[in-house]
Structures are given as C-alpha cells and as structure tokens.
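Here the structure comes first, spelled out in structure tokens, and everything after it is commentary.
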Amino acid sequence: MKPIKSMADLEAAKARGLSKLVPATTRISVGMGTCGIGNGADLLFAALEKAAAKAAGKNGMAPVLKKVGCFGFCAAEPLLTLAVPGKPVLLFTKADAKDAAAFVEAASDPKALDKLAKKADGKIETWDFRTSVLRFGEGFPEVRSWNQIPFFEGQEKVVLRDAGIIDPEDVEEYLGAGGYGALAKAVLSMKPADVILEVDRAGLRGRGGAGFPTARKWKMMADRPGPEKWVVCNADEGDPGAYMNRNEIESDPHALVEGMILGAYAMGANKGFVYVRAEYPLAVDRLRKALDDARALGFLGKNILGTDFSFDLEIVMGAGAFVCGEETALTSSAEGKAGRPVPRPPFPAEKGFKGLPTNINNVETWCNVPAIVSKGGAWFAGIGLPKSTGTKVFSLVGKVNNTGLVELPLGTKLEKMVYGMGGGAGMNKAIRAVQSGGPSGGCIPADKFDATIDYESLASIGAIMGSGGMVVMDQDNCMVDVARYFVSFTAAESCGKCAPCREGLSQMLRILTDVSKGTATYADLDELERLARTIRDSALCGLGQTAANPVLTTLKYFREEYERHIRDKRCDAGTCEQLFCALCENSCPMHMNIPGYLALLKEGRLEEAYELTLRDNPLPGTIGRICHFHCSMRCRRETLDDPVQQGEIHRYLADTVRKMGREQAVWKRLADEKAKPTGKKVAIVGSGPAGLAAAFYLVRLGHEVTIYEDKEKAGGILRYGIPAYRLPKDELDHELQLFSKLGIKFVFRTRVGRDIALADLAKKADAVLVCVGAEGDKALAIPGEDLQGVHPGYEYLDLHAAKKAPKTGRRVLVIGGGNVAIDAARTLYRMDKDVVVAYRRTRADMPANRAEIEGAEEEGIRFRFMLAPQEILGDGKGRVRAVRFEIMKAGPIDRSGRPTPVSTGHFEDIPCDDVIVAVGEKVDSGDFVKDGIKAAKDGRILANPFTLKTDLPNVWATGDAVTGPATAAEAMGDAKRVAREMDKALTGEDRFTTLFRDFHYNMEVPVEPEGSRKNRPRHLPPDQRVGNFIEINLGYDGDQAISEARRCLRCDVRPDARSPWR
Amino acid sequence: MDKSDPRTGLQGIVQRYAGRPGALLGILEEAQQADEHKYLSEEALRQIADMTDTPLSRVYSVATFYSFFNLKPQGKHAIVVCRGTACHTRGSLALLLEAANRLGFPEFREDEEPSFTTEDRMFTVRTVACFGQCALAPVVAVDGVIYSHMNTARLLSILETLRKGVRK
C-alpha cells in the first residue's frame, strides 16, 4: 500500500475499491461478525470456498468470496449476499452450508440464478453509503426490497452504512464506499472550527447514553491549549445486553478511525486511543488491522495527506470492569490504575488522561462524524427529531423473535421497534416490558410502548436511552428478579470509592434478595425506594447515580408484583426459585404438587398419589381431560426433549383409582377430617370450576356452603360448554359426588340477580362469592346478525348440552378461532353436518388448543383462513344464506404477537344454512352492578387483586368474572386464593394450610434423565367419531403412566424448594 | 512461561508496552495469556512490579480490580457462562448451576465466588458480564468458542465430549 498524498491518489484508491464492491464477476459475501460465526457462518464460508474451487476447476467461473461485517439481522444469520454484475444484490437469510453449491452455481448460470432468487429474502438495487451512493442494478421484480423485510422496515442505516456490505479488513473497500473522503475534505479544505460547526449544525449528541451535545464537548477541548492533547474512543461496552459497539467495530472499523481523526483535527489533538473490551477479540483484531492500514496509507501518523496535521492512534484493552465506561475511570484505567472515577469538574477536556486535555466519545458518536462532515450537518439534523437528531443503533434482544441490531431514526415509537422490527414474541407469551439502557436504565411496561425513542421521552418515563441495549421481557421474566439482577451487577461492579454506591447498592441488593425469597416486608419496600433515591442523588459517578433506575422503574410500574412476593410469597413468572417447589407446580394455577404425585405413582402408591392430587385439585379426572396444561409449558424436561405430560397422569390416577373402587376411601378421609363448624354461612354464585373449587375448600374449613346455580345441574362450562367427546358427563357427575359428601348444598334453577337479589343473599349469608364465569357471547357487530340461523357459539354449545339445540341445515359455517369455535365445529361434525371454520387470521394464530385444532382437521373439518366477516347475507325471507368475507393478508405484528389481518379489497361469499358466531366471550355482570358491585366497561367485576374482595362489605368475586375469559384451571386457582382470603376474613386466622398434608416419597434426582419422548395416549380413530359423542382420548395405560412419570427431572429436589401450600 | 522467549517472556512483554497508554493492563493481560495455567502468579506480579518500576501494591490493586485477571491457576478447559441481561432473561443462571452441579460444585453460588476449578484442573467454570452475543442468547464459551442458543442438553453433551477427550 502506497501512502495517499493527494486527492488524485485518493480517487485512484477509491476506484480500486469500487471495482471490488461491484466486481466484473459475481461476488458472494457472508456476514462474519461474531454473531454470524456463532451461527455457522464460518462453516458456510468454508463450504462456499470448496464449491467455488470445484467450479473454478470445472469451467474457470468462480465467484469472488468475501467475508463482510454484520448486516444486523442476527436472528436470521448466517446472512449471505449474492451480487451478480448488473443485477440487484440478493440477500439470503439463514443461508445454509448445504446450499453452497447452489449459490456458486447461480453465480454463473442465469437460470440457476432466477431459481435461487425465489428464495431470496430481499434485494438491494441501490445502496446509500452516505459518503457515496452505489447502484448495483435493477431486476428480480418478484423479490422485495431489503427495507421491506419487516425487520428492516423503518430502519435508517447511517452508523451501520457500511456494515455487511464492505469487507471490514479491506481498507480499499472502505475507500470505495467513499471512506476517508470526509477526512480529505476536512484537512484539505476546512478549518478545524468549521468541522466543529458542522457537528454543531448536525445536533449530534453523545451516543454513550447521556446525550451531551458533542459539538459543545469538542469546543471545550478545542479551546484548551497544549502541545499534547488526546482523543479517546470509549469502546468499553460493558452494558450487559448491548453489543452495538462490538458490531460497529467488527463491521466497519475505519468509520471509527476516520471519525476519530476528524475529531482530532477539529480539536487539535495529536494522540489518541481506543479503549476496547478484552471480551471482544475479533473487534480488537479488526481494529488493529484498520490502524495498520490507515497508517500505511498515511491517514494516521505524521503529516496526514501531506498537511502539517499529525495524529496517531493506539488500542488499550480493558480488562472487565463496568465502571471503566465512566470517562474519568476510563482514563485512570488507561493510566495503569484501578478504574476509579474522580469528581468532575475538572472535566477531561481540562484535565484528562495523564492530566492532559482529553476528549472521550462513544464508538457510535465517532462513527457518525464522517457522514456528517461528508453530507453536512443540516442533512443529519433532518433525520429524527429537532432535539434528538440522527439515528441510534439498538441491540434488540431478549424475548423477541427478530433479535438483532436495529438502527432507527430517533423519534420512532417503541411499539414499532418491538412489534414491527422485532416481530413480537409470538402469541403464546405476552411481552411485559422492555429494559432500555441496561443497569443504568429502566423497565418500560408494555402499556407505555407508544412512547417515542429519544433522549427526553425515555427519561420522562424513568428509563434512559443509554448506549442502546433493549432487552425485551415476557411473562416468564420476573420484574423483581430483573431489578435484583441489575443491582447485583452494579453492586459487584461498584468501584467502592463512594459510600452511597458501595454501601447503598449492597443494602438494596439485600432487600431485593429478601423480596425474591419472600422474606421481605412492606416496610422494606419503602426503605428500598428511599435508598434508591438517596443513591441517585448522592453517588459520585454515573454508575451509582443511575444504578437505582431499574429498581425505581420496576417499583413504579410493577409494584403489584413486588407485593405478590411479599404478601403471597409467590413469583408468578417462575423466576424466584425459593418461592416454589418446581416450575410445573408454579405454572399450575392451582399450584398442584406435580413432582409429588409423579413420585408416588413411580413408587406404585396410587391411592396416595390420587389423594395428593385431590387435595390440590378437587376435580382431577375432569381437569386432567380438558386442562390447558400450564404445567407442560414450563417443564424443564422440554430443554432435553419434550415436556412431561403431567395432566395426562393425574387423569390416569383419577380414572384408575375409580376403577379400583378406592376413591370412596379417600373421599371419606376428606369428609372425616372436616374442620369443626364455624357457624359461618357462605353463599356461592355459580357452580362452574371456580365456584366448585372455592366451595370444596371453604366447606372443609367448616363453613356452611351453599351454591346457587341458574341451571339444572352443577358444572358450569364443564357441563354446558365443553362437549362430551372431550369430557364425558359421567366423569363430571362422578367427581361431583364428593361435593355432596362434603356437605355442600346446591340450589339449582335459581339465578342470583333475577330470582334472588345479591343484596338479599349478602344479608342472609356471612360471605358471598360471585363466580359467574364469562358466558356472554361477543357479537360480530356486522349487518345480518339478527337473521334466522345465526347462533352465538357459547349459547349453541350450552343449548346442545341441555339437549335443546336448534336444528341446523346441512352446511354450517363456524366463525372464530378459539376453543368455543372448535368445540362447536366438532359437535356439529358429530351430527353429520358439513362444517367449515372461517377465521380472520392464520392457522398458527388460532387461540384454540393445538390438540383440538389437529383433532378437528383429523376429522375432516375444513378450515378457511384470513377471512374477515363483513356481512351475513339473507335469503330475502329472513334466513341466512351466506356470509360475505373480506379476504385478508398478513400485516405487521400487533400487540397480541400475531400479524394484523389487513384488508385486500377482495371479497368472497361462503354459502351456508347456519352460522355459528364464536368470536369470544364476555362477563355478564349487569345483574350485580344493579346491586352495587363495581365492574369494568367490558363487564369484569372489580375486586382487590390480592384479597379478591369487591367494594361491598361481605362480597368477594373470583374466576372469569374478575379476570375475563380464562382457563378452567386459572379460575380454580383464583378460587383457591379467594377461599383462603374469605376464611381469613371470616375467622381471623389463616387456616388454609391445614387442608393439605405431607406425603413422603423418594427425594432423589435421577442420575441420568430417564425415559424417552412423549408417551401418547390411545385415541378413538376419526372414522368412529361420527354420530356419537364418545370420548376421543382414551388415556394412558399403566405402563405408559409410569414410564411418563419417570421422565420427571425432579426440580423439586432442592434444599430451598418451597412447598406449594404452606 | 518461557522467559527466554523475547515475545512471550515477561521482559519482552514489558518492553513492548513501555510508555504506551494502558501499559500495565496490556502487560498483565499478555502475561496471563502466556502462562500455562492462564493466571498471574505472585511471582509474576512481583516481577512485573519490578520491571515496570511500579509499586507492587498498585500492580496487585489492578490485578484484583479487573475481572479479567485470574489469581488462581485455571483448568485446562474454560467454560464461561455469559451472565448478560439477554442471557439472564433466557435462563443462563440455570446453565451455570447445571455446569456447577455436573462438575461437582452443587453448592456453587455466583454471588459468593466468581469461578471454580475442578480439583484435577481440567475444568474452570466462570462467568462473564456480557459477551455481546445477545442475539444468540443464552451463550456459553467453551475454550474460547462461543456456543449459541445453549440449553441443558447441549451443555451436557459438550461437557461429556470434553471429559472423554480428557480420558484419552
């Protein structure tokens, strides 16, 4: 490499670079950042090399292979781009080494190229390097532009302008993209003060997180005289959960180098260093090479570009101390001391590294500078918001589908980033929060996602922009644990110099640890908040001043979750291990001791296993058939193969003990041990899962319990909603016998609110519990719903169960995608109807249980997706004849984690004789509101989240009536809570734990995981399901049940495991 | 450490860093890297203090301040579990405890001891604040190679492979 001494030299080098970026032969580039390599990019590259060598040997036509930086879409790595001369660059995501030959073949074979193009995820016709624009070519009309890929839509690449396009180790490619042009422009034609003016016009603010105006900082330094002045790059990206700076250096080291040289020129500095983390070896290597090349070309060293400006740069490797991201600690560290901050002023501009004037900026700040100098500050100020100009790179990670680096104009909404670019987290897990800014930042709850991303907006909600870490959290992440995690990090990283940070953080950690163990008090929470504010106001440096942010924001937005740990000793997210016995138990809304009954079954102690399940769940046979199986969703066995089928096993226990005729003995035991009568009367409204469960516990505690039920029999949704092929009514009737044996009284055909006023009931009883469920059908609110032959879904199932269902024609159209829709469809199928289910989203987006959808398909029920009902069409005589749908297409991901159905303007009429509308249920609380109960707009009854008490003096509410439509198990879990609370209120004691007893069983963890994948229970073949309602799932046999129980990994065997009921 | 080798010998390392910013950190990093057991012995610290004309107290204060430096001999295989935020939210604590459990440290608590080495000096398990591989979380580095989307099954199979390699 010859030094560049003139514009002519620079132009010549640029031309050489351009000929590499747009070569005469095809160029295949693979993203080889650390992420890419971690996802197999190195294997892909090796396979490409092999295939290329083979092709070269055959016909001499081999593509150029290049290792480039990262294009940002980390979740879709390895990323490969294919640039055929004259054509747009094709972008392939998740490129596989197996396809290496196909990529190489496409390089020289137009037919193969066209075929391969169909698999491309996007194309690049023109690329704006900001420092120049490159046109690759036009074509491939069927392939979308790269920025139409949801992950990139709305992104704007200024800092990452070269990343993933150029070879970071080839300085000529950087020159080809217009690199070092800004430097030449500045040193050859601008005064140093003009460079600062341009940065000032741009409105650039520090990208390390605090957002101090860069030009002002530069001016302070420029004004300091002195023969030795330093510019420093802070690349000590210690913020856990953030890796923008790593990628910026790995993908485009020269942008940083050029930015620093420009800064040095503007501020009159002659020496500099980059302080970079030792944990980033690849970044260090590439930066080292970049410095060598820049030096060889004369961009660094003496008399840069033939002028009298001299400057050189070195690398300092950090050694793993978060506090060194603080600028005064960083300079101490570079001086060979422990990295402890000193008070400012004096600012580094006055007295920095070795006491000399020093300017320190973040990697990203520096990387923006060449683009600003090249295109002018006004251009930069035109991006983003007036006070927060330009773009910012964020590492979007955590519980989100599209993880990666997103660069967006400041002012973009959080929602757009999390759901649009990030693609949400799918429909099975709800996103709860985003943690912005790492240990110095805050947790932003999902209901604040309409906030914009800029310095002021994020600060106003208690978070900070920070260096750019955005960690998405879902329902499995405990907010207390998040706060504890960050405080344990900052407490460990505190340099120890000032007392507020050193002592305060460790005291905060102690309290947070107590909360996570369930040993904290409400007073501790006040203390925690006081400490947090004190540390914020009195710590010496940024580490301490901001360390309380995660605590303050979680306390502000998730206080109820802290209280749940303190009051109920529960961690619903299943993170704080000392608050549960096993994850399955914690996920079970009823907190069944699942490992316990599995262990007892393994030992052949069936009766005890049954007794254990029964104490935890009064309807083990029923719920074992129809549960949503929350337990299986968090089973640790899933990380090895498949979750244990816990629910299938408690159903097996109930069925088998019944077959053996041994359940009566267990029931008798429960009846015999009933507590002495308390003389208190409890009236329960509704005999669904919640009402039954609450009655079971309250009667055993000695209260006199009466259940009021509108219908003729007990069970609610279990009897009148869920069809018999899922839950035979004989099974339910059998389990209900226990309720009578325990002395629960039922008053049927009596609707509270109509036949008896709630107020009268409240006068007669000591306590009233309302658990009416969510049985009101939601309407579609479209024309024609009042036509004959249109049936609300839940109402139809209800009438069917009571054998009063209206007769339907042959062709029935079911509208909806939930369990009610599928239940109705499968019910009608059994009556030999021709059933079509129409749903407005895709199959994957259906909220119904997977097994139910698969079962319906197995039976031959037809599904039509992406159809949104517009109108129900009549035959002119008042009867339905068809439904008009608009055909939808998948749009951006919405807050439910699913693609929004978007109009296409195309319509389709589906003829039918009857329509079942099953688009959701709601709580019908009108009758109770008349009597003074408060309810939300959608009908849900308002109750205290902890005591579940309503505003009326002796009325409680629980189950769907409070939560809205939920699963039977969830309603029963809430019923257990309310039973405990009501008993406490009635007796003044907490006697709930007396209802459970200890079982002793083997407490050894299997040395090696036992058993194989899922034991599948036998099913009734589909062709035997028409014309009858015989149960489909025939359950486990004995061998299957034991073999399945052996698969349990025994997460409950821990010294700190907590019994589910205590 | 081969002290006669001008590149890896302490004298060589110290000379290369003389007068440069961040010299002491660089010297300690290279000296640790050059050591057979990847640690800084008391002797090495004393020599570095002498050669750089720095008080031993300061060398010691630097060596103990930064998490990168090991003052105890390390195992042949290093298993480094990332404890960054993204990895934490995706279950890295469970991986760490699993590794500890498998290697005979069932009582291991991260907040008490940052790392442990098996008695036969075959394995060292430690944590890192963040590898910056957040999109691939959770990640574990085994002998410097980063494994992404780690789960218990993969971790166990890697430990098993290493153990077999050790037996040979």
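Residues in the structure tokens are named by chain (A, B, ... in the order shown) and by number from 1 within that chain; ligands are numbered from 1 in the order shown.
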I need the chain A residues near chain B as a PyMOL selection string; criterion: at most 7 Å, counting only C-alpha atoms. chain A and resi 35+38+74-75+240-243+279+316-317+319-321+333-338+397-398+403-404+471+477+639-640
Keeping only N, CA and C atoms, write the selected residues to a file as a PDB file, in the first residue's frame.
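Result saved to again36.pdb:
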ATOM      1  N   CYS A  35     -21.480 -12.770  15.761  1.00  0.00           N
ATOM      2  CA  CYS A  35     -22.799 -13.421  15.741  1.00  0.00           C
ATOM      3  C   CYS A  35     -22.910 -14.394  14.587  1.00  0.00           C
ATOM      4  N   GLY A  38     -20.984 -17.414  15.250  1.00  0.00           N
ATOM      5  CA  GLY A  38     -21.677 -18.205  16.264  1.00  0.00           C
ATOM      6  C   GLY A  38     -22.858 -18.965  15.701  1.00  0.00           C
ATOM      7  N   CYS A  74     -29.430 -10.437  13.284  1.00  0.00           N
ATOM      8  CA  CYS A  74     -28.703 -11.530  13.933  1.00  0.00           C
ATOM      9  C   CYS A  74     -29.527 -12.815  14.025  1.00  0.00           C
ATOM     10  N   ALA A  75     -30.852 -12.682  14.223  1.00  0.00           N
ATOM     11  CA  ALA A  75     -31.675 -13.878  14.383  1.00  0.00           C
ATOM     12  C   ALA A  75     -31.714 -14.695  13.102  1.00  0.00           C
ATOM     13  N   PRO A 240     -24.389  -4.984  30.030  1.00  0.00           N
ATOM     14  CA  PRO A 240     -24.794  -6.317  29.605  1.00  0.00           C
ATOM     15  C   PRO A 240     -26.093  -6.247  28.819  1.00  0.00           C
ATOM     16  N   GLY A 241     -26.139  -6.919  27.708  1.00  0.00           N
ATOM     17  CA  GLY A 241     -27.332  -6.892  26.878  1.00  0.00           C
ATOM     18  C   GLY A 241     -27.197  -5.931  25.710  1.00  0.00           C
ATOM     19  N   ALA A 242     -26.014  -5.368  25.530  1.00  0.00           N
ATOM     20  CA  ALA A 242     -25.815  -4.425  24.429  1.00  0.00           C
ATOM     21  C   ALA A 242     -24.540  -4.801  23.679  1.00  0.00           C
ATOM     22  N   TYR A 243     -24.601  -4.757  22.358  1.00  0.00           N
ATOM     23  CA  TYR A 243     -23.413  -5.124  21.583  1.00  0.00           C
ATOM     24  C   TYR A 243     -23.300  -4.337  20.291  1.00  0.00           C
ATOM     25  N   GLU A 279     -13.142  -8.673  25.983  1.00  0.00           N
ATOM     26  CA  GLU A 279     -14.098  -9.731  25.636  1.00  0.00           C
ATOM     27  C   GLU A 279     -14.465  -9.697  24.155  1.00  0.00           C
ATOM     28  N   VAL A 316      -6.113   0.338  23.614  1.00  0.00           N
ATOM     29  CA  VAL A 316      -5.960  -0.089  25.002  1.00  0.00           C
ATOM     30  C   VAL A 316      -7.037  -1.121  25.274  1.00  0.00           C
ATOM     31  N   MET A 317      -6.622  -2.272  25.756  1.00  0.00           N
ATOM     32  CA  MET A 317      -7.612  -3.300  26.044  1.00  0.00           C
ATOM     33  C   MET A 317      -8.068  -3.225  27.487  1.00  0.00           C
ATOM     34  N   ALA A 319     -10.152  -4.644  30.862  1.00  0.00           N
ATOM     35  CA  ALA A 319      -9.994  -5.957  31.473  1.00  0.00           C
ATOM     36  C   ALA A 319     -11.205  -6.339  32.299  1.00  0.00           C
ATOM     37  N   GLY A 320     -12.351  -5.885  31.840  1.00  0.00           N
ATOM     38  CA  GLY A 320     -13.568  -6.358  32.503  1.00  0.00           C
ATOM     39  C   GLY A 320     -13.909  -5.590  33.758  1.00  0.00           C
ATOM     40  N   ALA A 321     -14.207  -4.307  33.600  1.00  0.00           N
ATOM     41  CA  ALA A 321     -14.690  -3.519  34.730  1.00  0.00           C
ATOM     42  C   ALA A 321     -15.691  -2.525  34.163  1.00  0.00           C
ATOM     43  N   SER A 333      -7.912   4.042  34.271  1.00  0.00           N
ATOM     44  CA  SER A 333      -7.574   2.681  33.886  1.00  0.00           C
ATOM     45  C   SER A 333      -6.447   2.689  32.848  1.00  0.00           C
ATOM     46  N   ALA A 334      -6.566   3.581  31.873  1.00  0.00           N
ATOM     47  CA  ALA A 334      -5.540   3.643  30.831  1.00  0.00           C
ATOM     48  C   ALA A 334      -4.198   4.099  31.398  1.00  0.00           C
ATOM     49  N   GLU A 335      -4.254   4.762  32.554  1.00  0.00           N
ATOM     50  CA  GLU A 335      -3.007   5.175  33.205  1.00  0.00           C
ATOM     51  C   GLU A 335      -2.383   4.040  33.991  1.00  0.00           C
ATOM     52  N   GLY A 336      -3.036   2.858  33.942  1.00  0.00           N
ATOM     53  CA  GLY A 336      -2.455   1.715  34.642  1.00  0.00           C
ATOM     54  C   GLY A 336      -2.875   1.633  36.094  1.00  0.00           C
ATOM     55  N   LYS A 337      -4.023   2.210  36.410  1.00  0.00           N
ATOM     56  CA  LYS A 337      -4.523   2.135  37.781  1.00  0.00           C
ATOM     57  C   LYS A 337      -5.842   1.376  37.796  1.00  0.00           C
ATOM     58  N   ALA A 338      -6.310   1.106  38.986  1.00  0.00           N
ATOM     59  CA  ALA A 338      -7.658   0.581  39.101  1.00  0.00           C
ATOM     60  C   ALA A 338      -8.589   1.663  38.567  1.00  0.00           C
ATOM     61  N   VAL A 397     -32.865  -7.417  21.855  1.00  0.00           N
ATOM     62  CA  VAL A 397     -32.633  -8.810  22.236  1.00  0.00           C
ATOM     63  C   VAL A 397     -33.624  -9.236  23.314  1.00  0.00           C
ATOM     64  N   GLY A 398     -33.481 -10.429  23.789  1.00  0.00           N
ATOM     65  CA  GLY A 398     -34.387 -10.943  24.809  1.00  0.00           C
ATOM     66  C   GLY A 398     -35.517 -11.716  24.155  1.00  0.00           C
ATOM     67  N   THR A 403     -34.265 -10.872  16.784  1.00  0.00           N
ATOM     68  CA  THR A 403     -33.220 -10.200  17.540  1.00  0.00           C
ATOM     69  C   THR A 403     -32.189  -9.672  16.559  1.00  0.00           C
ATOM     70  N   GLY A 404     -31.540  -8.612  16.941  1.00  0.00           N
ATOM     71  CA  GLY A 404     -30.509  -8.070  16.071  1.00  0.00           C
ATOM     72  C   GLY A 404     -30.262  -6.606  16.365  1.00  0.00           C
ATOM     73  N   VAL A 471     -33.696  -4.849  25.984  1.00  0.00           N
ATOM     74  CA  VAL A 471     -33.947  -6.248  26.274  1.00  0.00           C
ATOM     75  C   VAL A 471     -35.444  -6.435  26.498  1.00  0.00           C
ATOM     76  N   ASN A 477     -40.515 -13.562  32.770  1.00  0.00           N
ATOM     77  CA  ASN A 477     -39.472 -12.785  33.435  1.00  0.00           C
ATOM     78  C   ASN A 477     -40.068 -12.032  34.609  1.00  0.00           C
ATOM     79  N   THR A 639     -36.277 -28.852  27.736  1.00  0.00           N
ATOM     80  CA  THR A 639     -34.968 -28.480  27.207  1.00  0.00           C
ATOM     81  C   THR A 639     -34.184 -29.724  26.777  1.00  0.00           C
ATOM     82  N   LEU A 640     -34.638 -30.894  27.214  1.00  0.00           N
ATOM     83  CA  LEU A 640     -33.971 -32.121  26.771  1.00  0.00           C
ATOM     84  C   LEU A 640     -34.711 -32.746  25.595  1.00  0.00           C
TER      85      LEU A 640
END
Using DSSP on the backbone coordinates, identify the residues of region 170-411 of chain A assigned to strand (DSSP E); present them as number ranges by chain. A: 230-235, 271-276, 312-317, 358-362, 391-398, 404-409
DSSP alpha helix (DSSP H) residues within chain B, as an NGL selection string: :B and (10-17 or 23-34 or 42-52 or 56-65 or 85-89 or 92-102 or 152-167)
Would you mind listing what lies within 12 Å of Leu159 (chain B) as an MDAnalysis selection string, with only C-alpha atoms counted and same-chain residues fewer than 5 positions away left out? chainID B and resid 77:79 98:103 122:125 140:143 152:154 164:166
Selection file, C-alpha atoms, as a PDB file, in the first residue's frame:
ATOM      1  CA  HIS B  77     -10.905 -26.254  29.682  1.00  0.00           C
ATOM      2  CA  ALA B  78     -12.602 -22.945  30.347  1.00  0.00           C
ATOM      3  CA  ILE B  79     -16.380 -22.885  30.438  1.00  0.00           C
ATOM      4  CA  GLU B  98     -26.122 -27.087  35.905  1.00  0.00           C
ATOM      5  CA  ALA B  99     -22.463 -26.858  34.927  1.00  0.00           C
ATOM      6  CA  ALA B 100     -21.501 -26.352  38.569  1.00  0.00           C
ATOM      7  CA  ASN B 101     -23.602 -29.290  39.623  1.00  0.00           C
ATOM      8  CA  ARG B 102     -22.186 -31.606  36.965  1.00  0.00           C
ATOM      9  CA  LEU B 103     -18.627 -30.705  37.806  1.00  0.00           C
ATOM     10  CA  MET B 122      -9.446 -29.983  33.948  1.00  0.00           C
ATOM     11  CA  PHE B 123     -12.314 -27.522  34.060  1.00  0.00           C
ATOM     12  CA  THR B 124     -12.757 -23.964  35.165  1.00  0.00           C
ATOM     13  CA  VAL B 125     -16.232 -22.521  35.175  1.00  0.00           C
ATOM     14  CA  VAL B 140     -21.580 -20.217  26.730  1.00  0.00           C
ATOM     15  CA  ALA B 141     -17.971 -20.079  25.605  1.00  0.00           C
ATOM     16  CA  VAL B 142     -16.072 -23.318  25.814  1.00  0.00           C
ATOM     17  CA  ASP B 143     -12.315 -22.874  25.330  1.00  0.00           C
ATOM     18  CA  THR B 152     -29.041 -28.031  29.210  1.00  0.00           C
ATOM     19  CA  ALA B 153     -28.920 -30.902  26.735  1.00  0.00           C
ATOM     20  CA  ARG B 154     -26.234 -29.247  24.601  1.00  0.00           C
ATOM     21  CA  LYS B 164     -13.973 -38.133  27.013  1.00  0.00           C
ATOM     22  CA  GLY B 165     -11.209 -36.134  25.376  1.00  0.00           C
ATOM     23  CA  VAL B 166      -9.607 -35.802  28.794  1.00  0.00           C
TER      24      VAL B 166
END
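Between CA of Val480 (chain A) and CA of Leu552 (chain A) the interatomic distance comes to 11.1 Å.
For the atom pair formed by CA of Ile815 (chain A) and CA of Leu727 (chain A), the distance is 23.3 Å, given to one decimal.
Once Pro899 (chain A) and its same-chain neighbours fewer than 3 positions away are set aside, Arg841, Ala890, Gly891, Pro892, Ile893 and Asp894 of chain A remain within 8 Å of it when counting only C-alpha atoms.
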Output the selection as a PDB file, in the first residue's frame - C-alpha atoms for each residue.
ATOM      1  CA  ARG A 841     -56.020 -14.845  10.849  1.00  0.00           C
ATOM      2  CA  ALA A 890     -50.904 -10.698   6.968  1.00  0.00           C
ATOM      3  CA  GLY A 891     -49.782  -7.236   8.042  1.00  0.00           C
ATOM      4  CA  PRO A 892     -47.386  -6.069  10.751  1.00  0.00           C
ATOM      5  CA  ILE A 893     -47.252  -7.885  14.064  1.00  0.00           C
ATOM      6  CA  ASP A 894     -49.716  -6.471  16.566  1.00  0.00           C
TER       7      ASP A 894
END
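When only C-alpha atoms are used to compute distances to Gln74 (chain B), the closest of the residues B:Leu93, B:Ile13, B:Leu40, B:Ile48 turns out to be B:Leu40.
You can rank B:Leu162, B:Arg109, B:Tyr17, B:Glu42 by their closest distance to Ile315 (chain A) using only C-alpha atoms, and at the top of that list sits B:Tyr17.
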Write out as a tab-separated table (two decimals) with C-alpha atoms, in the first residue's frame the residues lying within 9 Å of Asn549 (chain A), counting only C-alpha atoms and excluding same-chain residues fewer than 3 positions away.
chain	number	residue	atom	x	y	z
A	439	PRO	CA	-28.02	-1.37	34.54
A	440	SER	CA	-28.41	2.40	34.25
A	441	GLY	CA	-31.74	2.24	32.52
A	442	GLY	CA	-35.25	1.33	33.35
A	443	CYS	CA	-38.01	-1.12	32.62
A	462	GLY	CA	-37.85	6.84	34.08
A	463	ALA	CA	-35.63	4.96	31.66
A	464	ILE	CA	-32.69	6.27	29.67
A	483	ALA	CA	-34.18	-5.36	39.42
A	532	ALA	CA	-32.74	4.24	45.61
A	536	ARG	CA	-29.33	8.54	42.80
A	545	GLN	CA	-26.36	7.79	40.13
A	546	THR	CA	-28.18	5.60	37.62
A	552	LEU	CA	-37.27	2.78	40.67
A	553	THR	CA	-38.92	1.88	37.38
A	554	THR	CA	-39.93	-1.63	38.38
If you count only C-alpha atoms, which residues fall within 9 Å of Tyr39 (chain B), apart from same-chain ones fewer than 6 positions away, as JSON, numbers by chain? {"B": [31, 32, 33, 69, 70, 71, 72, 73, 74]}
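Summary of the local environment: counting only C-alpha atoms, residues at most 10 Å from Asn428 (chain A), other than itself and those fewer than 3 positions away along its chain, are Ala425, Ile431, Gln475, Met633, Asp845, Pro847, Ser896, Gly897 and Arg898 of chain A.
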